[in-house]
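So this block is work_29.txt, compact mmCIF, N, CA and C atoms:
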# COMPACT_ATOMS: atom_id res chain seq x y z
N MET A 39 -5.61 32.18 0.03
CA MET A 39 -5.23 33.38 -0.69
C MET A 39 -6.03 33.45 -1.98
N LYS A 40 -6.50 34.62 -2.28
CA LYS A 40 -7.22 34.82 -3.52
C LYS A 40 -6.54 35.92 -4.31
N THR A 41 -6.44 35.72 -5.58
CA THR A 41 -5.90 36.71 -6.49
C THR A 41 -7.03 37.14 -7.42
N VAL A 42 -7.19 38.42 -7.59
CA VAL A 42 -8.26 38.93 -8.45
C VAL A 42 -7.64 39.38 -9.76
N ILE A 43 -8.12 38.80 -10.85
CA ILE A 43 -7.70 39.19 -12.19
C ILE A 43 -8.98 39.59 -12.92
N GLY A 44 -9.16 40.87 -13.11
CA GLY A 44 -10.40 41.34 -13.74
C GLY A 44 -11.58 41.02 -12.83
N ASP A 45 -12.55 40.28 -13.36
CA ASP A 45 -13.72 39.89 -12.57
C ASP A 45 -13.61 38.47 -12.03
N THR A 46 -12.58 37.73 -12.43
CA THR A 46 -12.46 36.34 -11.98
C THR A 46 -11.55 36.24 -10.77
N LYS A 47 -11.91 35.36 -9.89
CA LYS A 47 -11.09 35.12 -8.71
C LYS A 47 -10.41 33.77 -8.86
N ILE A 48 -9.12 33.75 -8.66
CA ILE A 48 -8.34 32.52 -8.75
C ILE A 48 -7.84 32.17 -7.36
N LYS A 49 -8.15 30.96 -6.93
CA LYS A 49 -7.68 30.52 -5.63
C LYS A 49 -6.29 29.91 -5.79
N LYS A 50 -5.36 30.35 -4.97
CA LYS A 50 -4.02 29.77 -4.98
C LYS A 50 -3.98 28.69 -3.92
N ARG A 51 -3.43 27.59 -4.26
CA ARG A 51 -3.31 26.49 -3.33
C ARG A 51 -1.98 26.61 -2.60
N ILE A 52 -2.04 26.62 -1.30
CA ILE A 52 -0.83 26.71 -0.49
C ILE A 52 -0.27 25.31 -0.32
N LYS A 53 0.97 25.13 -0.72
CA LYS A 53 1.59 23.81 -0.60
C LYS A 53 2.05 23.57 0.83
N LEU A 54 1.96 22.32 1.23
CA LEU A 54 2.42 21.92 2.55
C LEU A 54 3.93 21.76 2.52
N LEU A 55 4.59 22.24 3.54
CA LEU A 55 6.04 22.11 3.61
C LEU A 55 6.43 20.64 3.69
N PRO A 56 7.54 20.24 3.07
CA PRO A 56 7.95 18.84 3.09
C PRO A 56 8.14 18.28 4.50
N THR A 57 8.54 19.10 5.44
CA THR A 57 8.74 18.60 6.80
C THR A 57 7.42 18.30 7.50
N LEU A 58 6.33 18.86 7.01
CA LEU A 58 5.02 18.63 7.63
C LEU A 58 4.25 17.48 6.99
N LYS A 59 4.71 16.99 5.85
CA LYS A 59 4.04 15.89 5.17
C LYS A 59 4.30 14.59 5.92
N GLU A 60 3.31 13.69 5.87
CA GLU A 60 3.51 12.36 6.45
C GLU A 60 4.41 11.57 5.52
N LYS A 61 5.38 10.90 6.11
CA LYS A 61 6.32 10.13 5.31
C LYS A 61 5.74 8.75 5.03
N THR A 62 5.91 8.30 3.80
CA THR A 62 5.36 7.01 3.41
C THR A 62 6.48 6.07 2.99
N ARG A 63 6.17 4.81 3.06
CA ARG A 63 7.06 3.75 2.60
C ARG A 63 6.26 2.85 1.66
N TYR A 64 6.97 2.18 0.80
CA TYR A 64 6.36 1.24 -0.13
C TYR A 64 6.88 -0.15 0.21
N LEU A 65 5.96 -1.03 0.62
CA LEU A 65 6.31 -2.38 1.01
C LEU A 65 6.01 -3.32 -0.16
N ALA A 66 7.01 -4.04 -0.61
CA ALA A 66 6.83 -5.01 -1.68
C ALA A 66 6.49 -6.36 -1.04
N PHE A 67 5.47 -7.03 -1.59
CA PHE A 67 5.08 -8.33 -1.07
C PHE A 67 4.98 -9.35 -2.20
N GLU A 68 5.04 -10.61 -1.80
CA GLU A 68 4.97 -11.71 -2.76
C GLU A 68 4.00 -12.74 -2.22
N ILE A 69 3.23 -13.35 -3.11
CA ILE A 69 2.31 -14.41 -2.73
C ILE A 69 2.88 -15.73 -3.21
N ILE A 70 3.05 -16.65 -2.28
CA ILE A 70 3.56 -17.98 -2.60
C ILE A 70 2.39 -18.95 -2.49
N SER A 71 2.09 -19.65 -3.60
CA SER A 71 0.95 -20.55 -3.63
C SER A 71 1.15 -21.58 -4.73
N ASP A 72 0.42 -22.69 -4.63
CA ASP A 72 0.46 -23.70 -5.68
C ASP A 72 -0.27 -23.21 -6.94
N HIS A 73 -1.28 -22.38 -6.74
CA HIS A 73 -2.08 -21.86 -7.84
C HIS A 73 -1.89 -20.35 -7.94
N LYS A 74 -1.92 -19.83 -9.15
CA LYS A 74 -1.80 -18.37 -9.32
C LYS A 74 -3.10 -17.70 -8.89
N ILE A 75 -2.95 -16.55 -8.26
CA ILE A 75 -4.10 -15.75 -7.85
C ILE A 75 -4.33 -14.71 -8.94
N ASN A 76 -5.44 -14.84 -9.67
CA ASN A 76 -5.73 -13.94 -10.79
C ASN A 76 -6.51 -12.71 -10.38
N ASP A 77 -7.23 -12.79 -9.26
CA ASP A 77 -8.14 -11.74 -8.85
C ASP A 77 -7.45 -10.79 -7.88
N PHE A 78 -7.10 -9.59 -8.36
CA PHE A 78 -6.43 -8.62 -7.49
C PHE A 78 -7.35 -8.12 -6.40
N LYS A 79 -8.65 -7.99 -6.70
CA LYS A 79 -9.60 -7.51 -5.70
C LYS A 79 -9.65 -8.43 -4.49
N ALA A 80 -9.54 -9.73 -4.72
CA ALA A 80 -9.54 -10.69 -3.61
C ALA A 80 -8.29 -10.53 -2.76
N VAL A 81 -7.16 -10.28 -3.40
CA VAL A 81 -5.90 -10.05 -2.68
C VAL A 81 -6.01 -8.79 -1.84
N SER A 82 -6.51 -7.72 -2.44
CA SER A 82 -6.66 -6.45 -1.75
C SER A 82 -7.62 -6.57 -0.57
N LYS A 83 -8.74 -7.25 -0.78
CA LYS A 83 -9.74 -7.42 0.28
C LYS A 83 -9.16 -8.20 1.45
N GLU A 84 -8.42 -9.25 1.16
CA GLU A 84 -7.85 -10.08 2.23
C GLU A 84 -6.80 -9.31 3.03
N ILE A 85 -5.97 -8.53 2.35
CA ILE A 85 -4.97 -7.71 3.05
C ILE A 85 -5.67 -6.67 3.93
N ASN A 86 -6.70 -6.02 3.40
CA ASN A 86 -7.44 -5.03 4.18
C ASN A 86 -8.14 -5.66 5.38
N ASP A 87 -8.74 -6.83 5.17
CA ASP A 87 -9.44 -7.51 6.27
C ASP A 87 -8.49 -7.90 7.39
N LYS A 88 -7.35 -8.46 7.04
CA LYS A 88 -6.39 -8.90 8.07
C LYS A 88 -5.72 -7.70 8.74
N SER A 89 -5.51 -6.63 7.99
CA SER A 89 -4.95 -5.41 8.60
C SER A 89 -5.94 -4.80 9.58
N LEU A 90 -7.22 -4.82 9.22
CA LEU A 90 -8.26 -4.31 10.12
C LEU A 90 -8.34 -5.18 11.37
N LEU A 91 -8.23 -6.48 11.20
CA LEU A 91 -8.27 -7.40 12.34
C LEU A 91 -7.09 -7.16 13.27
N PHE A 92 -5.92 -6.95 12.72
CA PHE A 92 -4.70 -6.80 13.52
C PHE A 92 -4.56 -5.40 14.12
N LEU A 93 -4.83 -4.36 13.32
CA LEU A 93 -4.61 -2.98 13.76
C LEU A 93 -5.84 -2.31 14.37
N GLY A 94 -7.03 -2.77 13.99
CA GLY A 94 -8.24 -2.08 14.40
C GLY A 94 -8.51 -0.91 13.46
N GLN A 95 -9.67 -0.29 13.62
CA GLN A 95 -10.05 0.79 12.71
C GLN A 95 -9.14 2.01 12.85
N LEU A 96 -8.83 2.39 14.07
CA LEU A 96 -8.00 3.57 14.28
C LEU A 96 -6.58 3.34 13.76
N GLY A 97 -6.02 2.17 14.05
CA GLY A 97 -4.68 1.85 13.57
C GLY A 97 -4.61 1.78 12.06
N LEU A 98 -5.66 1.22 11.45
CA LEU A 98 -5.70 1.14 10.00
C LEU A 98 -5.77 2.53 9.38
N ALA A 99 -6.53 3.42 10.01
CA ALA A 99 -6.63 4.80 9.51
C ALA A 99 -5.31 5.53 9.66
N LYS A 100 -4.64 5.35 10.78
CA LYS A 100 -3.35 6.01 11.00
C LYS A 100 -2.27 5.45 10.07
N ALA A 101 -2.34 4.16 9.78
CA ALA A 101 -1.34 3.53 8.91
C ALA A 101 -1.49 4.00 7.46
N GLY A 102 -2.69 4.33 7.05
CA GLY A 102 -2.92 4.82 5.68
C GLY A 102 -2.54 3.80 4.63
N ILE A 103 -2.94 2.56 4.83
CA ILE A 103 -2.57 1.48 3.92
C ILE A 103 -3.32 1.61 2.60
N GLN A 104 -2.56 1.59 1.50
CA GLN A 104 -3.13 1.62 0.16
C GLN A 104 -2.44 0.54 -0.67
N ILE A 105 -3.21 -0.45 -1.12
CA ILE A 105 -2.66 -1.47 -2.00
C ILE A 105 -2.74 -0.91 -3.42
N LEU A 106 -1.62 -0.87 -4.11
CA LEU A 106 -1.56 -0.22 -5.42
C LEU A 106 -1.90 -1.21 -6.54
N PRO A 107 -3.10 -1.09 -7.16
CA PRO A 107 -3.51 -2.06 -8.18
C PRO A 107 -2.67 -2.00 -9.45
N GLU A 108 -2.16 -0.82 -9.80
CA GLU A 108 -1.38 -0.70 -11.04
C GLU A 108 0.01 -1.32 -10.91
N LYS A 109 0.44 -1.63 -9.69
CA LYS A 109 1.75 -2.22 -9.47
C LYS A 109 1.68 -3.73 -9.23
N TRP A 110 0.48 -4.33 -9.34
CA TRP A 110 0.31 -5.76 -9.15
C TRP A 110 0.84 -6.49 -10.38
N ASN A 111 1.78 -7.44 -10.18
CA ASN A 111 2.36 -8.23 -11.25
C ASN A 111 1.76 -9.62 -11.19
N LEU A 112 0.90 -9.95 -12.14
CA LEU A 112 0.18 -11.22 -12.14
C LEU A 112 1.12 -12.41 -12.34
N GLN A 113 2.11 -12.26 -13.22
CA GLN A 113 3.01 -13.38 -13.49
C GLN A 113 3.89 -13.71 -12.30
N LEU A 114 4.46 -12.69 -11.68
CA LEU A 114 5.37 -12.91 -10.55
C LEU A 114 4.64 -13.00 -9.21
N GLN A 115 3.35 -12.66 -9.20
CA GLN A 115 2.54 -12.65 -7.97
C GLN A 115 3.16 -11.73 -6.92
N LYS A 116 3.54 -10.52 -7.37
CA LYS A 116 4.14 -9.52 -6.49
C LYS A 116 3.38 -8.21 -6.61
N GLY A 117 3.45 -7.41 -5.55
CA GLY A 117 2.77 -6.13 -5.57
C GLY A 117 3.37 -5.16 -4.58
N LEU A 118 2.83 -3.94 -4.54
CA LEU A 118 3.31 -2.89 -3.64
C LEU A 118 2.16 -2.36 -2.79
N ILE A 119 2.50 -2.03 -1.55
CA ILE A 119 1.55 -1.42 -0.63
C ILE A 119 2.17 -0.14 -0.10
N LYS A 120 1.40 0.95 -0.16
CA LYS A 120 1.84 2.23 0.39
C LYS A 120 1.38 2.30 1.84
N VAL A 121 2.30 2.68 2.75
CA VAL A 121 1.99 2.70 4.18
C VAL A 121 2.77 3.82 4.86
N ASN A 122 2.25 4.32 5.96
CA ASN A 122 2.94 5.32 6.77
C ASN A 122 4.22 4.69 7.33
N ASN A 123 5.29 5.47 7.42
CA ASN A 123 6.59 4.91 7.81
C ASN A 123 6.60 4.36 9.24
N LYS A 124 5.67 4.80 10.08
CA LYS A 124 5.64 4.31 11.47
C LYS A 124 4.91 2.98 11.60
N TYR A 125 4.23 2.53 10.55
CA TYR A 125 3.41 1.32 10.63
C TYR A 125 3.90 0.21 9.70
N VAL A 126 5.14 0.26 9.27
CA VAL A 126 5.66 -0.76 8.35
C VAL A 126 5.70 -2.13 9.03
N ASN A 127 6.19 -2.19 10.26
CA ASN A 127 6.29 -3.48 10.96
C ASN A 127 4.91 -4.06 11.26
N GLU A 128 3.94 -3.21 11.57
CA GLU A 128 2.59 -3.68 11.82
C GLU A 128 1.97 -4.26 10.55
N LEU A 129 2.25 -3.64 9.41
CA LEU A 129 1.75 -4.15 8.14
C LEU A 129 2.38 -5.50 7.82
N LYS A 130 3.67 -5.63 8.07
CA LYS A 130 4.33 -6.92 7.85
C LYS A 130 3.69 -8.01 8.71
N SER A 131 3.37 -7.66 9.95
CA SER A 131 2.73 -8.62 10.85
C SER A 131 1.34 -9.01 10.36
N SER A 132 0.60 -8.06 9.82
CA SER A 132 -0.74 -8.38 9.34
C SER A 132 -0.70 -9.21 8.05
N LEU A 133 0.36 -9.07 7.26
CA LEU A 133 0.49 -9.90 6.05
C LEU A 133 0.67 -11.37 6.39
N ILE A 134 1.31 -11.64 7.52
CA ILE A 134 1.53 -13.02 7.95
C ILE A 134 0.20 -13.71 8.24
N LEU A 135 -0.80 -12.94 8.66
CA LEU A 135 -2.10 -13.51 9.03
C LEU A 135 -2.91 -14.00 7.83
N VAL A 136 -2.56 -13.56 6.63
CA VAL A 136 -3.28 -13.99 5.43
C VAL A 136 -2.90 -15.44 5.14
N GLU A 137 -3.91 -16.32 5.20
CA GLU A 137 -3.66 -17.75 4.96
C GLU A 137 -4.34 -18.26 3.70
N LYS A 138 -5.50 -17.67 3.36
CA LYS A 138 -6.25 -18.13 2.19
C LYS A 138 -6.75 -16.93 1.39
N ILE A 139 -6.68 -17.08 0.07
CA ILE A 139 -7.28 -16.12 -0.85
C ILE A 139 -8.09 -16.94 -1.85
N ASN A 140 -9.38 -16.66 -1.96
CA ASN A 140 -10.29 -17.43 -2.81
C ASN A 140 -10.23 -18.93 -2.50
N ASN A 141 -10.20 -19.27 -1.23
CA ASN A 141 -10.14 -20.65 -0.74
C ASN A 141 -8.92 -21.41 -1.24
N LYS A 142 -7.85 -20.70 -1.54
CA LYS A 142 -6.58 -21.32 -1.93
C LYS A 142 -5.56 -20.95 -0.86
N LYS A 143 -4.82 -21.93 -0.39
CA LYS A 143 -3.82 -21.66 0.64
C LYS A 143 -2.68 -20.84 0.05
N VAL A 144 -2.31 -19.80 0.77
CA VAL A 144 -1.23 -18.92 0.33
C VAL A 144 -0.34 -18.55 1.50
N ILE A 145 0.85 -18.13 1.17
CA ILE A 145 1.77 -17.54 2.14
C ILE A 145 2.15 -16.17 1.58
N MET A 146 1.95 -15.14 2.38
CA MET A 146 2.32 -13.79 1.96
C MET A 146 3.63 -13.43 2.62
N LYS A 147 4.56 -12.98 1.81
CA LYS A 147 5.91 -12.69 2.28
C LYS A 147 6.27 -11.27 1.88
N SER A 148 6.81 -10.51 2.82
CA SER A 148 7.28 -9.17 2.46
C SER A 148 8.70 -9.28 1.91
N ILE A 149 8.93 -8.64 0.79
CA ILE A 149 10.23 -8.72 0.12
C ILE A 149 11.15 -7.61 0.56
N GLY A 150 10.61 -6.39 0.64
CA GLY A 150 11.45 -5.26 1.02
C GLY A 150 10.65 -3.98 1.15
N VAL A 151 11.32 -2.95 1.66
CA VAL A 151 10.69 -1.66 1.89
C VAL A 151 11.55 -0.57 1.26
N SER A 152 10.89 0.42 0.64
CA SER A 152 11.60 1.55 0.06
C SER A 152 10.79 2.81 0.29
N GLY A 153 11.46 3.94 0.30
CA GLY A 153 10.80 5.22 0.46
C GLY A 153 10.41 5.86 -0.85
N ILE A 154 10.90 5.31 -1.96
CA ILE A 154 10.65 5.87 -3.29
C ILE A 154 9.95 4.82 -4.14
N LEU A 155 8.84 5.18 -4.76
CA LEU A 155 8.04 4.25 -5.53
C LEU A 155 8.81 3.61 -6.67
N ASN A 156 9.50 4.42 -7.47
CA ASN A 156 10.24 3.88 -8.62
C ASN A 156 11.34 2.92 -8.19
N LYS A 157 12.01 3.25 -7.10
CA LYS A 157 13.08 2.39 -6.60
C LYS A 157 12.51 1.05 -6.12
N ALA A 158 11.39 1.09 -5.44
CA ALA A 158 10.74 -0.14 -4.97
C ALA A 158 10.32 -1.00 -6.14
N GLU A 159 9.79 -0.36 -7.17
CA GLU A 159 9.33 -1.10 -8.34
C GLU A 159 10.50 -1.75 -9.07
N GLN A 160 11.60 -1.02 -9.26
CA GLN A 160 12.76 -1.55 -9.97
C GLN A 160 13.45 -2.65 -9.18
N LYS A 161 13.56 -2.46 -7.89
CA LYS A 161 14.35 -3.36 -7.07
C LYS A 161 13.61 -4.66 -6.73
N TYR A 162 12.30 -4.57 -6.47
CA TYR A 162 11.58 -5.72 -5.93
C TYR A 162 10.58 -6.36 -6.88
N LEU A 163 10.12 -5.66 -7.89
CA LEU A 163 9.08 -6.22 -8.75
C LEU A 163 9.60 -6.74 -10.09
N THR A 164 10.89 -6.73 -10.30
CA THR A 164 11.42 -7.23 -11.57
C THR A 164 12.06 -8.58 -11.40
Now, as a test, write the supplied structure out as structure tokens.
Amino acid sequence: MKTVIGDTKIKKRIKLLPTLKEKTRYLAFEIISDHKINDFKAVSKEINDKSLLFLGQLGLAKAGIQILPEKWNLQLQKGLIKVNNKYVNELKSSLILVEKINNKKVIMKSIGVSGILNKAEQKYLT
């Protein structure tokens, strides 16, 4: 839709109906290790690599996995991952496959799942 005001044209953005939007979940995870993992990029890369190995390219694209860097807690070694609601169990399974980050043995554990970002942050990251 275009609206004409004088000589300028303004494009109106049509919003998608809530029922047509893909539903997302936020999965909280924790890293258990003898040493703290300081490098978030290494954590993100390892999660992406193992998810790609487990789900394949098409599954990874459909899952829409996004590791949220601003929600990574260095002291508690906890973070949040945004995922499509139909692929939560597959993401949990791929987290189990992560064994090493920066050549340090780790165990990745999923803490919980929420549909609202603020609720997931308050409940699982504090």
- [ ] Could you give me, as a PyMOL selection string, each residue of chain A that DSSP assigns to alpha helix (DSSP H) when run on this structure's backbone?
- [x] chain A and resi 78-101+126-134+155-162
Report as a tab-separated table: every residue of stretch 66-132 of chain A with an atom at most 5 Å from stretch 136-155 of chain A, its closest pair of atoms, and their distance in Å to one decimal, counting all atoms listed in the file, with rows sorted by chain and ascending residue number.
residue	atom	partner	partner_atom	distance
A:Ala66	C	A:Ile149	N	3.8
A:Phe67	CA	A:Ser148	CA	4.2
A:Glu68	N	A:Lys147	C	3.9
A:Ile69	CA	A:Ile145	C	4.7
A:Ile70	N	A:Ile145	C	4.0
A:Ser71	CA	A:Val144	CA	4.8
A:Ser132	C	A:Val136	N	4.9
Close residues, A:Gln104 itself excluded, 8 Å, all atoms listed in the file, min 6 positions apart in chain, as a compact mmCIF listing (two decimals) with N, CA and C atoms, keeping the file's coordinate frame:
# COMPACT_ATOMS: atom_id res chain seq x y z
N LEU A 118 2.83 -3.94 -4.54
CA LEU A 118 3.31 -2.89 -3.64
C LEU A 118 2.16 -2.36 -2.79
N ILE A 119 2.50 -2.03 -1.55
CA ILE A 119 1.55 -1.42 -0.63
C ILE A 119 2.17 -0.14 -0.10
N LYS A 120 1.40 0.95 -0.16
CA LYS A 120 1.84 2.23 0.39
C LYS A 120 1.38 2.30 1.84
N VAL A 121 2.30 2.68 2.75
CA VAL A 121 1.99 2.70 4.18
C VAL A 121 2.77 3.82 4.86
N ASN A 122 2.25 4.32 5.96
CA ASN A 122 2.94 5.32 6.77
C ASN A 122 4.22 4.69 7.33
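Coordinates place atom N of A:Lys157 at a distance of 25.8 Å from atom C of A:Ser89.
If you look at atom C of A:Trp110 and atom CA of A:Glu60, they are 25.4 Å away from each other.
Proximity ranking of A:Leu129, A:Leu106, A:Lys116, A:Asn156 relative to A:Lys74 places A:Lys116 first, based on only C-alpha atoms.
Note that atom N of A:Lys161 and atom CA of A:Leu65 are 11.5 Å apart.
For the set A:Tyr125, A:Tyr162, A:Lys130, A:Leu91, the residue with the smallest atom-to-atom gap to A:Lys109 is A:Tyr162, counting only C-alpha atoms.
Of the residues listed (A:Leu96, A:Ala101, A:Pro56, A:Lys83), A:Ala101 shows the shortest atom-to-atom separation from A:Val126; distances use only N, CA and C atoms.
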- [ ] Name the residues of chain A that fall into strand (DSSP E or B) according to DSSP on the backbone, using the chain letters and numbers of this document, as an MDAnalysis selection string.
- [x] chainID A and resid 40:43 46:49 62:71 104:105 111 116:122 138:139 142:152
- [ ] For each of A:Ile103, A:Tyr64, A:Lys53, A:Lys79, take the minimum atom-to-atom distance to A:Leu163, counting only C-alpha atoms, then give the residue where this is smallest.
- [x] A:Tyr64
